[in-house]
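Heads up, the thing below is written out as C-alpha cells.
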Amino acid sequence: MKDHKISLLSAVLLSLNIMVGSGILIGSGASAAIAGNASFLGWLLVFACFLPLVLCVIKLSQLFPGAGGMYLYAQQGLGATAGYISAWLYMTGYTFTIVVETLALRQTLAVNTNHYWLFESPMIFNAVVIGLCLVLSLASLKLINRFLNSLTIIKLLPLIILIVLLPFIVSTNFTITTTELSALPFSLPLLIFGYFGFEYCTSLSHLLHNPEKNAPRAIFLGFLATAVLYTLFHFGLLNLMGAQNLATLGASAFAQFITIPIPYLAPFLGLLIPAAASITLFAVALGVMNSNATLLHTLASEKVFNGSSLIAQTTSWGRPWAALILQSIVALIVLTYVPNLNIVGGLCVLAVFSSFLLPLISLVMVARKRKLNSVLITGIIGLTALIGFIFYSWYTLAPDLPTRVAYSALLLTSLGIGLAVKRKS
C-alpha cells in the first residue's frame with residue numbers, strides 16, 4: 001500500500017494545479033479597475049481571510065471521509081435536507097463559473113484577435129462554446145482527463161513568463177496612493193473567485209504519507225504558493241501595462257506591451273499568451289461542467305429529487321448525458337439574461353460561500369458533540385470568517401440595496417426550484 005502513497009511535494013503541486021486557473025486572468029483586470037496599483041495586494045488579503053475556511057474544509061474531509069463533498073459534510077451533522085441544499089447551492093455557484101469563463105473567453109478573443117465577426121452575436125458565440133463543452137464532455141472520462149491534464153503547463157505559462165521578466169519591467173515610478181489603498185477592500189470579489197477549487201484538494205488526504213500532518217501542510221503550502229504566484233504576476237502586469245490598460249484590455253493582452261529587445265520575443269508571446277489564456281478559460285468551463293454534471297448525476301442516482309430516473313441516465317460508456325444537457329441549457333439561459341462578468345462572478349462567489357454554510361455548522365455541531373475542542377475552535381473561527389465572506393459578497397454584488405436584492409433573487413429562485421423538485425422523504 002505504501003507504493004500508492006504520494007509525497008508532500010507531489011500533493012502541493014497537485015493542489016497548485018487545481019487552484020491556479022482562470023481566476024488570475026479575470027480577477028486582475030477587474031480589481032485594477034477599482035484599486036489601481038494597490039490591486040495586487042488583494043491576493044494576499046484574500047489569502048489571509050480565506051485560510052480559516054480552508055482549514056475547516058480540511059477538518060470536514062478528515063471527519064467525514066468519502067465521496068459527496070458538501071452534500072456529505074452537511075448531511076452527516078444536519079441531515080439529508082441540509083446536504084441537499086448545500087449541494088444545490090454548490091452546483092448553482094459553479095454553474096455561474098461556467099458563465100464567467102464563457103464571458104471572459106469572448107472578451108479575451110475580442111481583445112486579442114481581429115476577427116470581430118465571431119463576437120458580434122453573443123448568443124451564437126455562447127452556443128458554440130457551451131455546445132463544444134457538451135460534445136467533449138460526452139466523450140470518455142479518460143479522454144477528458146487526459147485533455148485537462150495536458151493543459152497544466154499551458155495555463156501556467158503566462159504567469160511563469162511574466163514573473164521571469166519582472167527584473168526587466170519593474171518601473172521605478174510605480175507608486176500606490178492612499179485612495180487606491182482605501183479602495184482595495186471593494187476590489188476583491190473576482191480575486192476571491194481566483195482561489196476557488198481548494199475544496200477539491202481535500203480528496204488528496206488519504207493518498208498522503210502521514211496524512212494527519214501532511215494533508216494540512218499540502219493545502220496550506222499549495223494555497224501559499226498560489227497566492228505568491230498570483231501576487232507576483234499581478235504586480236508584473238501593473239508595472240508592464242499600467243492599471244488603466246490592465247482594467248481595459250485584461251491580463252491576456254500583456255504581451256502587446258513587452259518591449260524587451262530580444263529577437264522575435266514580442267511576436268512569439270503575442271501569439272502564445274492569448275492562446276494559453278483562451279485555452280485555460282475554455283478548459284475551466286469544460287472541467288466545471290463535468291464536475292457539476294457528475295454531482296447532479298450522483299444526486300439523481302440517490303433519487304433525491306423528482307425526475308431522478310431521467311437525470312441519472314448515462315451513455316454506454318458511463319457519461320451522464322442527461323445531466324450534461326441540463327447543465328448546458330441552464331448555462332445558456334444565464335448567459336442570455338445575465339451577460340455581465342462582474343455580476344455573474346459575484347453571484348458565483350456568493351453561491352459557493354453559501355454552500356459552505358451548512359457544512360461548517362455541521363462541523364461545529366459534530367465537534368461539540370464529540371468534544372473535539374481544537375476542531376470546535378477551528379470551526380467557530382471558520383464559520384465566523386465564512387459569514388463575513390457571505391455578507392461581503394452580497395454587499396459588493398451591486399452599489400445599492402434594491403439592485404443587490406434583485407440579483408440575490410436569482411440565487412433564491414434557484415434554491416426554490418431545487419426545493420420544489422426535491423422528493424419527499
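In the C-alpha cells, the first chain shown is A, the next is B, and so on; residue numbers restart at 1 for each chain, and ligands run from 1 in the order shown.
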Env of A:Gly23: 8 Å cut, atoms = only C-alpha atoms, seq-sep filter 5 positions within chain, self excluded. Answer as a ChimeraX atom specification. /A:190-191,193-195
Can you write out the residues you just picked, keeping C-alpha atoms, as a JSON list (two decimals), in the first residue's frame?
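As a result, selection37.json now contains:
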[["chain", "number", "residue", "atom", "x", "y", "z"],
["A", 190, "LEU", "CA", -13.20, 38.20, -8.52],
["A", 191, "LEU", "CA", -9.95, 37.76, -6.58],
["A", 193, "PHE", "CA", -13.09, 33.61, -7.29],
["A", 194, "GLY", "CA", -9.43, 33.01, -8.18],
["A", 195, "TYR", "CA", -8.92, 30.80, -5.11]]
Counting only C-alpha atoms, what is within 12 Å of stretch 320-329 of chain A, bar same-chain residues fewer than 6 positions away, as an MDAnalysis selection string? chainID A and resid 91:92 94:99 102 126:141 285:301 307:314 335:336
Every residue of stretch 131-215 of chain A that DSSP places in helix (DSSP H, G or I), as number ranges by chain: A: 131-137, 141-149, 152-164, 166-169, 178-187, 189-193, 198-207, 211-215
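Atom CA of A:Gly222 is positioned 5.3 Å from atom CA of A:Ser15.
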Return the single residue from A:Leu45, A:Ile161, A:Ala32, A:Ala80 that is closest to A:Leu238, with distances computed using only C-alpha atoms.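 Closest residue, counting only C-alpha atoms: A:Ala32.
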Contact table stretch 26-86 of chain A vs stretch 378-390 of chain A, cut-off 6 Å, shortest pair per residue, only C-alpha atoms, as JSON lines:
{"residue": "A:Pro52", "atom": "CA", "partner": "A:Gly382", "partner_atom": "CA", "distance": 4.6}
{"residue": "A:Leu53", "atom": "CA", "partner": "A:Gly382", "partner_atom": "CA", "distance": 4.7}
{"residue": "A:Cys56", "atom": "CA", "partner": "A:Gly379", "partner_atom": "CA", "distance": 5.8}
Would you mind exporting the chosen residues as a PDB file, in the first residue's frame, restricted to N, CA and C atoms?
ATOM      1  N   PRO A  52      -8.906  30.379   7.395  1.00  0.00           N
ATOM      2  CA  PRO A  52      -9.752  29.636   8.339  1.00  0.00           C
ATOM      3  C   PRO A  52     -10.758  28.721   7.645  1.00  0.00           C
ATOM      4  N   LEU A  53     -11.315  29.177   6.521  1.00  0.00           N
ATOM      5  CA  LEU A  53     -12.274  28.362   5.774  1.00  0.00           C
ATOM      6  C   LEU A  53     -11.604  27.125   5.193  1.00  0.00           C
ATOM      7  N   CYS A  56     -11.110  24.560   7.850  1.00  0.00           N
ATOM      8  CA  CYS A  56     -12.369  23.899   8.207  1.00  0.00           C
ATOM      9  C   CYS A  56     -12.719  22.797   7.214  1.00  0.00           C
TER      10      CYS A  56
END
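We find atom CA of A:Val20 and atom CA of A:Val228 to be spaced 11.0 Å apart.
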Stretch 407-414 of chain A: which residues within 12 Å, counting only C-alpha atoms, same-chain residues fewer than 6 positions away excluded, as a PDB file with N, CA, C and O atoms, in the first residue's frame?
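What landed in part_12.pdb:
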ATOM      1  N   ILE A  85     -29.495  20.906   0.195  1.00  0.00           N
ATOM      2  CA  ILE A  85     -29.431  22.361  -0.001  1.00  0.00           C
ATOM      3  C   ILE A  85     -28.001  22.790  -0.308  1.00  0.00           C
ATOM      4  O   ILE A  85     -27.760  23.602  -1.213  1.00  0.00           O
ATOM      5  N   TRP A  88     -27.044  21.743  -3.823  1.00  0.00           N
ATOM      6  CA  TRP A  88     -27.749  22.535  -4.841  1.00  0.00           C
ATOM      7  C   TRP A  88     -27.109  23.930  -4.985  1.00  0.00           C
ATOM      8  O   TRP A  88     -26.910  24.417  -6.097  1.00  0.00           O
ATOM      9  N   LEU A  89     -26.787  24.554  -3.849  1.00  0.00           N
ATOM     10  CA  LEU A  89     -26.126  25.859  -3.891  1.00  0.00           C
ATOM     11  C   LEU A  89     -24.739  25.751  -4.521  1.00  0.00           C
ATOM     12  O   LEU A  89     -24.310  26.645  -5.258  1.00  0.00           O
ATOM     13  N   TYR A  90     -24.061  24.649  -4.231  1.00  0.00           N
ATOM     14  CA  TYR A  90     -22.731  24.418  -4.796  1.00  0.00           C
ATOM     15  C   TYR A  90     -22.810  24.312  -6.314  1.00  0.00           C
ATOM     16  O   TYR A  90     -22.022  24.935  -7.039  1.00  0.00           O
ATOM     17  N   MET A  91     -23.770  23.537  -6.809  1.00  0.00           N
ATOM     18  CA  MET A  91     -23.951  23.408  -8.261  1.00  0.00           C
ATOM     19  C   MET A  91     -24.354  24.743  -8.884  1.00  0.00           C
ATOM     20  O   MET A  91     -23.898  25.084  -9.974  1.00  0.00           O
ATOM     21  N   THR A  92     -25.190  25.496  -8.186  1.00  0.00           N
ATOM     22  CA  THR A  92     -25.598  26.808  -8.689  1.00  0.00           C
ATOM     23  C   THR A  92     -24.389  27.727  -8.827  1.00  0.00           C
ATOM     24  O   THR A  92     -24.217  28.410  -9.850  1.00  0.00           O
ATOM     25  N   GLY A  93     -23.549  27.747  -7.788  1.00  0.00           N
ATOM     26  CA  GLY A  93     -22.360  28.597  -7.830  1.00  0.00           C
ATOM     27  C   GLY A  93     -21.442  28.252  -8.977  1.00  0.00           C
ATOM     28  O   GLY A  93     -20.959  29.137  -9.701  1.00  0.00           O
ATOM     29  N   THR A  95     -22.265  26.674 -11.699  1.00  0.00           N
ATOM     30  CA  THR A  95     -22.915  26.970 -12.981  1.00  0.00           C
ATOM     31  C   THR A  95     -22.588  28.402 -13.393  1.00  0.00           C
ATOM     32  O   THR A  95     -22.303  28.686 -14.561  1.00  0.00           O
ATOM     33  N   PHE A  96     -22.592  29.313 -12.420  1.00  0.00           N
ATOM     34  CA  PHE A  96     -22.170  30.686 -12.700  1.00  0.00           C
ATOM     35  C   PHE A  96     -20.702  30.732 -13.137  1.00  0.00           C
ATOM     36  O   PHE A  96     -20.310  31.599 -13.922  1.00  0.00           O
ATOM     37  N   VAL A 330     -29.066  25.322 -18.768  1.00  0.00           N
ATOM     38  CA  VAL A 330     -29.107  26.323 -17.699  1.00  0.00           C
ATOM     39  C   VAL A 330     -28.016  27.368 -17.901  1.00  0.00           C
ATOM     40  O   VAL A 330     -28.248  28.580 -17.738  1.00  0.00           O
ATOM     41  N   VAL A 334     -28.557  31.529 -18.374  1.00  0.00           N
ATOM     42  CA  VAL A 334     -27.899  32.566 -17.571  1.00  0.00           C
ATOM     43  C   VAL A 334     -27.070  33.487 -18.463  1.00  0.00           C
ATOM     44  O   VAL A 334     -27.064  34.714 -18.286  1.00  0.00           O
ATOM     45  N   TYR A 337     -29.472  36.025 -20.127  1.00  0.00           N
ATOM     46  CA  TYR A 337     -30.191  37.012 -19.323  1.00  0.00           C
ATOM     47  C   TYR A 337     -29.311  37.771 -18.322  1.00  0.00           C
ATOM     48  O   TYR A 337     -29.722  38.828 -17.824  1.00  0.00           O
ATOM     49  N   VAL A 338     -28.102  37.244 -18.023  1.00  0.00           N
ATOM     50  CA  VAL A 338     -27.187  37.967 -17.124  1.00  0.00           C
ATOM     51  C   VAL A 338     -25.792  37.986 -17.753  1.00  0.00           C
ATOM     52  O   VAL A 338     -24.848  37.367 -17.242  1.00  0.00           O
ATOM     53  N   ASN A 340     -23.226  39.797 -17.722  1.00  0.00           N
ATOM     54  CA  ASN A 340     -22.315  40.745 -17.098  1.00  0.00           C
ATOM     55  C   ASN A 340     -21.296  39.977 -16.271  1.00  0.00           C
ATOM     56  O   ASN A 340     -21.665  39.292 -15.308  1.00  0.00           O
ATOM     57  N   ASN A 342     -18.904  40.840 -14.076  1.00  0.00           N
ATOM     58  CA  ASN A 342     -18.769  41.160 -12.662  1.00  0.00           C
ATOM     59  C   ASN A 342     -19.959  40.674 -11.842  1.00  0.00           C
ATOM     60  O   ASN A 342     -19.788  40.145 -10.734  1.00  0.00           O
ATOM     61  N   ILE A 343     -21.160  40.820 -12.387  1.00  0.00           N
ATOM     62  CA  ILE A 343     -22.351  40.381 -11.667  1.00  0.00           C
ATOM     63  C   ILE A 343     -22.372  38.863 -11.524  1.00  0.00           C
ATOM     64  O   ILE A 343     -22.608  38.321 -10.435  1.00  0.00           O
ATOM     65  N   VAL A 344     -22.104  38.165 -12.621  1.00  0.00           N
ATOM     66  CA  VAL A 344     -22.123  36.701 -12.573  1.00  0.00           C
ATOM     67  C   VAL A 344     -21.002  36.191 -11.669  1.00  0.00           C
ATOM     68  O   VAL A 344     -21.186  35.221 -10.921  1.00  0.00           O
ATOM     69  N   GLY A 345     -19.838  36.844 -11.734  1.00  0.00           N
ATOM     70  CA  GLY A 345     -18.748  36.456 -10.847  1.00  0.00           C
ATOM     71  C   GLY A 345     -19.132  36.644  -9.383  1.00  0.00           C
ATOM     72  O   GLY A 345     -18.833  35.795  -8.534  1.00  0.00           O
ATOM     73  N   GLY A 346     -19.804  37.737  -9.077  1.00  0.00           N
ATOM     74  CA  GLY A 346     -20.261  37.981  -7.712  1.00  0.00           C
ATOM     75  C   GLY A 346     -21.281  36.964  -7.255  1.00  0.00           C
ATOM     76  O   GLY A 346     -21.260  36.502  -6.102  1.00  0.00           O
ATOM     77  N   LEU A 347     -22.204  36.585  -8.146  1.00  0.00           N
ATOM     78  CA  LEU A 347     -23.198  35.563  -7.814  1.00  0.00           C
ATOM     79  C   LEU A 347     -22.544  34.205  -7.587  1.00  0.00           C
ATOM     80  O   LEU A 347     -22.960  33.444  -6.707  1.00  0.00           O
ATOM     81  N   CYS A 348     -21.509  33.918  -8.368  1.00  0.00           N
ATOM     82  CA  CYS A 348     -20.767  32.664  -8.194  1.00  0.00           C
ATOM     83  C   CYS A 348     -20.149  32.605  -6.802  1.00  0.00           C
ATOM     84  O   CYS A 348     -20.294  31.607  -6.078  1.00  0.00           O
ATOM     85  N   VAL A 349     -19.469  33.682  -6.423  1.00  0.00           N
ATOM     86  CA  VAL A 349     -18.812  33.742  -5.108  1.00  0.00           C
ATOM     87  C   VAL A 349     -19.844  33.616  -3.989  1.00  0.00           C
ATOM     88  O   VAL A 349     -19.661  32.855  -3.026  1.00  0.00           O
ATOM     89  N   LEU A 350     -20.961  34.331  -4.107  1.00  0.00           N
ATOM     90  CA  LEU A 350     -21.993  34.303  -3.079  1.00  0.00           C
ATOM     91  C   LEU A 350     -22.602  32.909  -2.938  1.00  0.00           C
ATOM     92  O   LEU A 350     -22.809  32.415  -1.817  1.00  0.00           O
ATOM     93  N   ALA A 351     -22.874  32.255  -4.061  1.00  0.00           N
ATOM     94  CA  ALA A 351     -23.491  30.922  -4.021  1.00  0.00           C
ATOM     95  C   ALA A 351     -22.547  29.872  -3.450  1.00  0.00           C
ATOM     96  O   ALA A 351     -22.952  29.031  -2.638  1.00  0.00           O
ATOM     97  N   VAL A 352     -21.280  29.910  -3.869  1.00  0.00           N
ATOM     98  CA  VAL A 352     -20.322  28.908  -3.384  1.00  0.00           C
ATOM     99  C   VAL A 352     -20.086  29.082  -1.886  1.00  0.00           C
ATOM    100  O   VAL A 352     -20.076  28.100  -1.126  1.00  0.00           O
ATOM    101  N   SER A 354     -22.176  30.354   0.222  1.00  0.00           N
ATOM    102  CA  SER A 354     -23.413  29.933   0.896  1.00  0.00           C
ATOM    103  C   SER A 354     -23.497  28.413   1.005  1.00  0.00           C
ATOM    104  O   SER A 354     -24.038  27.883   1.982  1.00  0.00           O
ATOM    105  N   SER A 355     -22.928  27.714   0.013  1.00  0.00           N
ATOM    106  CA  SER A 355     -22.952  26.247   0.050  1.00  0.00           C
ATOM    107  C   SER A 355     -22.070  25.684   1.162  1.00  0.00           C
ATOM    108  O   SER A 355     -22.246  24.529   1.578  1.00  0.00           O
ATOM    109  N   ILE A 390     -19.753  35.856   3.164  1.00  0.00           N
ATOM    110  CA  ILE A 390     -21.089  35.872   2.569  1.00  0.00           C
ATOM    111  C   ILE A 390     -21.650  37.288   2.546  1.00  0.00           C
ATOM    112  O   ILE A 390     -22.186  37.748   1.525  1.00  0.00           O
ATOM    113  N   PHE A 391     -21.512  37.993   3.677  1.00  0.00           N
ATOM    114  CA  PHE A 391     -22.004  39.379   3.728  1.00  0.00           C
ATOM    115  C   PHE A 391     -21.239  40.260   2.749  1.00  0.00           C
ATOM    116  O   PHE A 391     -21.839  41.066   2.032  1.00  0.00           O
ATOM    117  N   SER A 393     -19.679  39.366  -0.002  1.00  0.00           N
ATOM    118  CA  SER A 393     -20.039  39.008  -1.378  1.00  0.00           C
ATOM    119  C   SER A 393     -21.386  39.593  -1.758  1.00  0.00           C
ATOM    120  O   SER A 393     -21.580  40.058  -2.892  1.00  0.00           O
ATOM    121  N   TRP A 394     -22.318  39.590  -0.804  1.00  0.00           N
ATOM    122  CA  TRP A 394     -23.636  40.156  -1.069  1.00  0.00           C
ATOM    123  C   TRP A 394     -23.552  41.674  -1.177  1.00  0.00           C
ATOM    124  O   TRP A 394     -24.132  42.280  -2.072  1.00  0.00           O
ATOM    125  N   TYR A 395     -22.786  42.304  -0.280  1.00  0.00           N
ATOM    126  CA  TYR A 395     -22.698  43.769  -0.243  1.00  0.00           C
ATOM    127  C   TYR A 395     -22.041  44.323  -1.510  1.00  0.00           C
ATOM    128  O   TYR A 395     -22.432  45.386  -2.003  1.00  0.00           O
ATOM    129  N   THR A 396     -21.040  43.622  -2.033  1.00  0.00           N
ATOM    130  CA  THR A 396     -20.328  44.108  -3.215  1.00  0.00           C
ATOM    131  C   THR A 396     -20.964  43.637  -4.529  1.00  0.00           C
ATOM    132  O   THR A 396     -20.434  43.911  -5.597  1.00  0.00           O
ATOM    133  N   LEU A 397     -22.084  42.946  -4.434  1.00  0.00           N
ATOM    134  CA  LEU A 397     -22.752  42.455  -5.641  1.00  0.00           C
ATOM    135  C   LEU A 397     -23.258  43.605  -6.507  1.00  0.00           C
ATOM    136  O   LEU A 397     -23.270  43.515  -7.740  1.00  0.00           O
ATOM    137  N   ALA A 398     -23.672  44.687  -5.867  1.00  0.00           N
ATOM    138  CA  ALA A 398     -24.181  45.872  -6.583  1.00  0.00           C
ATOM    139  C   ALA A 398     -24.022  47.080  -5.682  1.00  0.00           C
ATOM    140  O   ALA A 398     -23.900  46.948  -4.458  1.00  0.00           O
ATOM    141  N   PRO A 399     -24.032  48.297  -6.247  1.00  0.00           N
ATOM    142  CA  PRO A 399     -23.780  49.503  -5.441  1.00  0.00           C
ATOM    143  C   PRO A 399     -24.941  49.931  -4.553  1.00  0.00           C
ATOM    144  O   PRO A 399     -24.755  50.772  -3.675  1.00  0.00           O
ATOM    145  N   ASP A 400     -26.148  49.416  -4.775  1.00  0.00           N
ATOM    146  CA  ASP A 400     -27.288  49.849  -3.970  1.00  0.00           C
ATOM    147  C   ASP A 400     -28.119  48.647  -3.548  1.00  0.00           C
ATOM    148  O   ASP A 400     -28.076  47.573  -4.167  1.00  0.00           O
ATOM    149  N   LEU A 401     -28.905  48.830  -2.495  1.00  0.00           N
ATOM    150  CA  LEU A 401     -29.671  47.737  -1.896  1.00  0.00           C
ATOM    151  C   LEU A 401     -30.697  47.117  -2.846  1.00  0.00           C
ATOM    152  O   LEU A 401     -30.761  45.878  -2.953  1.00  0.00           O
ATOM    153  N   ALA A 420     -38.321  22.720  -4.668  1.00  0.00           N
ATOM    154  CA  ALA A 420     -39.595  22.318  -5.273  1.00  0.00           C
ATOM    155  C   ALA A 420     -39.517  20.936  -5.917  1.00  0.00           C
ATOM    156  O   ALA A 420     -40.482  20.173  -5.901  1.00  0.00           O
ATOM    157  N   VAL A 421     -38.340  20.620  -6.497  1.00  0.00           N
ATOM    158  CA  VAL A 421     -38.220  19.325  -7.178  1.00  0.00           C
ATOM    159  C   VAL A 421     -37.697  18.234  -6.238  1.00  0.00           C
ATOM    160  O   VAL A 421     -37.630  17.058  -6.633  1.00  0.00           O
TER     161      VAL A 421
END
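Among A:Leu165, A:Leu221, A:Leu103, A:Ala215, the residue with the shortest atom-to-atom distance to A:Met19, counting only C-alpha atoms, is A:Leu221.
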Of the residues A:Ile153, A:Leu229, A:Val366, A:Leu159, which is the one nearest to A:Phe254, using only C-alpha atoms? A:Leu159
